Amino acid sequence: MAITREETLHVARLARLALTDSEADLLREQLGKLLDYMKQLDRLDTGDVVPTSHAVEMGTPFREDAVRPFGDREAILKNAPDRAGDYFRVPRIIED
């Protein structure tokens, strides 16, 4: 599929790419080849293909939400650069 230089530069601008003239010509050629390949895929009959969200069956990657001991609080807080009691003290980032 032929893609114009203006379309190529528009796509590059959307992607925030600064291209030289030779890079723009190369991208135009590559995008044209990519669109030609997509046309080939459009010709495939996928009417009998069951839609899937994943190519491989998989379970949920999330763990159960259960209360568990966190660890040695004092050992963890010992590494804090600034501490206020049982809490990490961090610099203020929001101004009143």
# chains A, B, ... in the order shown; residues from 1 in each chain; ligands from 1
$ residues_around --residues "Ala2 of chain A" --least-positions-apart "4" --cutoff "10 Å" --atoms "only C-alpha atoms" --output "list in words"
Arg28, Glu29, Leu31, Gly32, Lys33, Leu35 and Asp36 of chain A
$ atom_distance --atom1 "atom CA of Leu27 of chain A" --atom2 "atom CA of Arg43 of chain A"
24.8 Å
$ atom_distance --atom1 "atom CA of Met58 of chain A" --atom2 "atom CA of Met38 of chain A"
28.4 Å
$ select_by_dssp --residues "chain A" --states "strand (DSSP E or B)" --output "PyMOL selection string"
chain A and resi 83-84+87-88
$ write_last_selection --atoms "all heavy atoms" --output "mmCIF file, in the first residue's frame"
data_model
loop_
_atom_site.group_PDB
_atom_site.id
_atom_site.type_symbol
_atom_site.label_atom_id
_atom_site.label_comp_id
_atom_site.auth_asym_id
_atom_site.auth_seq_id
_atom_site.Cartn_x
_atom_site.Cartn_y
_atom_site.Cartn_z
ATOM 1 N N ARG A 83 12.656 9.112 60.209
ATOM 2 C CA ARG A 83 11.604 8.304 60.819
ATOM 3 C C ARG A 83 10.835 9.130 61.823
ATOM 4 O O ARG A 83 11.384 9.980 62.508
ATOM 5 C CB ARG A 83 12.275 7.120 61.507
ATOM 6 C CG ARG A 83 11.368 6.212 62.223
ATOM 7 C CD ARG A 83 12.165 5.068 62.798
ATOM 8 N NE ARG A 83 11.339 4.324 63.732
ATOM 9 C CZ ARG A 83 11.706 3.246 64.355
ATOM 10 N NH1 ARG A 83 12.915 2.776 64.168
ATOM 11 N NH2 ARG A 83 10.906 2.633 65.180
ATOM 12 N N ALA A 84 9.532 8.872 61.907
ATOM 13 C CA ALA A 84 8.675 9.503 62.912
ATOM 14 C C ALA A 84 7.882 8.386 63.580
ATOM 15 O O ALA A 84 6.857 7.933 63.061
ATOM 16 C CB ALA A 84 7.742 10.522 62.273
ATOM 17 N N TYR A 87 6.675 5.216 61.471
ATOM 18 C CA TYR A 87 6.420 5.609 60.094
ATOM 19 C C TYR A 87 7.685 6.139 59.437
ATOM 20 O O TYR A 87 8.576 6.657 60.090
ATOM 21 C CB TYR A 87 5.342 6.701 60.038
ATOM 22 C CG TYR A 87 4.053 6.281 60.684
ATOM 23 C CD1 TYR A 87 3.763 6.655 61.988
ATOM 24 C CD2 TYR A 87 3.140 5.494 59.996
ATOM 25 C CE1 TYR A 87 2.577 6.260 62.591
ATOM 26 C CE2 TYR A 87 1.953 5.100 60.590
ATOM 27 C CZ TYR A 87 1.677 5.470 61.884
ATOM 28 O OH TYR A 87 0.507 5.082 62.470
ATOM 29 N N PHE A 88 7.737 6.021 58.107
ATOM 30 C CA PHE A 88 8.779 6.682 57.328
ATOM 31 C C PHE A 88 8.367 8.143 57.180
ATOM 32 O O PHE A 88 7.231 8.443 56.851
ATOM 33 C CB PHE A 88 8.894 6.072 55.923
ATOM 34 C CG PHE A 88 9.537 4.722 55.899
ATOM 35 C CD1 PHE A 88 8.767 3.562 55.939
ATOM 36 C CD2 PHE A 88 10.909 4.603 55.812
ATOM 37 C CE1 PHE A 88 9.358 2.323 55.899
ATOM 38 C CE2 PHE A 88 11.517 3.359 55.764
ATOM 39 C CZ PHE A 88 10.736 2.216 55.819
#
$ select_by_dssp --residues "chain A" --states "helix (DSSP H, G or I)" --output "VMD selection string"
chain A and resid 5 to 14 21 to 42 73 to 77
$ atom_distance --atom1 "atom CA of Asp72 of chain A" --atom2 "atom CA of Asp86 of chain A"
11.7 Å
$ decode --residues "segment 75-92 of chain A" --atoms "N, CA, C and O atoms" --output "PDB file, in the first residue's frame"
ATOM      1  N   ALA A  75      13.302  -3.733  62.278  1.00  0.00           N
ATOM      2  CA  ALA A  75      14.399  -3.937  61.327  1.00  0.00           C
ATOM      3  C   ALA A  75      14.143  -3.162  60.032  1.00  0.00           C
ATOM      4  O   ALA A  75      15.077  -2.612  59.442  1.00  0.00           O
ATOM      5  N   ILE A  76      12.898  -3.102  59.616  1.00  0.00           N
ATOM      6  CA  ILE A  76      12.554  -2.371  58.398  1.00  0.00           C
ATOM      7  C   ILE A  76      12.712  -0.872  58.620  1.00  0.00           C
ATOM      8  O   ILE A  76      13.316  -0.167  57.813  1.00  0.00           O
ATOM      9  N   LEU A  77      12.185  -0.366  59.725  1.00  0.00           N
ATOM     10  CA  LEU A  77      12.263   1.064  60.006  1.00  0.00           C
ATOM     11  C   LEU A  77      13.688   1.525  60.315  1.00  0.00           C
ATOM     12  O   LEU A  77      13.996   2.706  60.189  1.00  0.00           O
ATOM     13  N   LYS A  78      14.555   0.599  60.684  1.00  0.00           N
ATOM     14  CA  LYS A  78      15.940   0.942  60.964  1.00  0.00           C
ATOM     15  C   LYS A  78      16.619   1.500  59.704  1.00  0.00           C
ATOM     16  O   LYS A  78      17.532   2.307  59.775  1.00  0.00           O
ATOM     17  N   ASN A  79      16.151   1.107  58.531  1.00  0.00           N
ATOM     18  CA  ASN A  79      16.720   1.552  57.261  1.00  0.00           C
ATOM     19  C   ASN A  79      16.172   2.887  56.786  1.00  0.00           C
ATOM     20  O   ASN A  79      16.621   3.404  55.763  1.00  0.00           O
ATOM     21  N   ALA A  80      15.210   3.433  57.484  1.00  0.00           N
ATOM     22  CA  ALA A  80      14.600   4.691  57.061  1.00  0.00           C
ATOM     23  C   ALA A  80      15.577   5.845  57.240  1.00  0.00           C
ATOM     24  O   ALA A  80      16.178   5.992  58.300  1.00  0.00           O
ATOM     25  N   PRO A  81      15.736   6.691  56.218  1.00  0.00           N
ATOM     26  CA  PRO A  81      16.615   7.843  56.377  1.00  0.00           C
ATOM     27  C   PRO A  81      16.050   8.861  57.367  1.00  0.00           C
ATOM     28  O   PRO A  81      16.795   9.561  58.038  1.00  0.00           O
ATOM     29  N   ASP A  82      14.726   8.929  57.466  1.00  0.00           N
ATOM     30  CA  ASP A  82      14.074   9.833  58.419  1.00  0.00           C
ATOM     31  C   ASP A  82      12.833   9.109  58.927  1.00  0.00           C
ATOM     32  O   ASP A  82      12.061   8.563  58.158  1.00  0.00           O
ATOM     33  N   ARG A  83      12.656   9.112  60.209  1.00  0.00           N
ATOM     34  CA  ARG A  83      11.604   8.304  60.819  1.00  0.00           C
ATOM     35  C   ARG A  83      10.835   9.130  61.823  1.00  0.00           C
ATOM     36  O   ARG A  83      11.384   9.980  62.508  1.00  0.00           O
ATOM     37  N   ALA A  84       9.532   8.872  61.907  1.00  0.00           N
ATOM     38  CA  ALA A  84       8.675   9.503  62.912  1.00  0.00           C
ATOM     39  C   ALA A  84       7.882   8.386  63.580  1.00  0.00           C
ATOM     40  O   ALA A  84       6.857   7.933  63.061  1.00  0.00           O
ATOM     41  N   GLY A  85       8.366   7.883  64.683  1.00  0.00           N
ATOM     42  CA  GLY A  85       7.692   6.782  65.371  1.00  0.00           C
ATOM     43  C   GLY A  85       7.762   5.516  64.554  1.00  0.00           C
ATOM     44  O   GLY A  85       8.830   5.038  64.193  1.00  0.00           O
ATOM     45  N   ASP A  86       6.591   4.969  64.226  1.00  0.00           N
ATOM     46  CA  ASP A  86       6.516   3.745  63.429  1.00  0.00           C
ATOM     47  C   ASP A  86       6.310   4.028  61.945  1.00  0.00           C
ATOM     48  O   ASP A  86       5.819   3.171  61.202  1.00  0.00           O
ATOM     49  N   TYR A  87       6.675   5.216  61.471  1.00  0.00           N
ATOM     50  CA  TYR A  87       6.420   5.609  60.094  1.00  0.00           C
ATOM     51  C   TYR A  87       7.685   6.139  59.437  1.00  0.00           C
ATOM     52  O   TYR A  87       8.576   6.657  60.090  1.00  0.00           O
ATOM     53  N   PHE A  88       7.737   6.021  58.107  1.00  0.00           N
ATOM     54  CA  PHE A  88       8.779   6.682  57.328  1.00  0.00           C
ATOM     55  C   PHE A  88       8.367   8.143  57.180  1.00  0.00           C
ATOM     56  O   PHE A  88       7.231   8.443  56.851  1.00  0.00           O
ATOM     57  N   ARG A  89       9.296   9.046  57.368  1.00  0.00           N
ATOM     58  CA  ARG A  89       9.024  10.463  57.127  1.00  0.00           C
ATOM     59  C   ARG A  89       9.586  10.780  55.744  1.00  0.00           C
ATOM     60  O   ARG A  89      10.724  10.453  55.435  1.00  0.00           O
ATOM     61  N   VAL A  90       8.747  11.407  54.902  1.00  0.00           N
ATOM     62  CA  VAL A  90       9.155  11.749  53.535  1.00  0.00           C
ATOM     63  C   VAL A  90       9.007  13.242  53.323  1.00  0.00           C
ATOM     64  O   VAL A  90       8.234  13.910  54.018  1.00  0.00           O
ATOM     65  N   PRO A  91       9.720  13.801  52.367  1.00  0.00           N
ATOM     66  CA  PRO A  91       9.601  15.235  52.106  1.00  0.00           C
ATOM     67  C   PRO A  91       8.202  15.603  51.634  1.00  0.00           C
ATOM     68  O   PRO A  91       7.546  14.827  50.930  1.00  0.00           O
ATOM     69  N   ARG A  92       7.762  16.774  52.007  1.00  0.00           N
ATOM     70  CA  ARG A  92       6.462  17.277  51.587  1.00  0.00           C
ATOM     71  C   ARG A  92       6.517  17.608  50.100  1.00  0.00           C
ATOM     72  O   ARG A  92       7.452  18.252  49.631  1.00  0.00           O
TER      73      ARG A  92
END
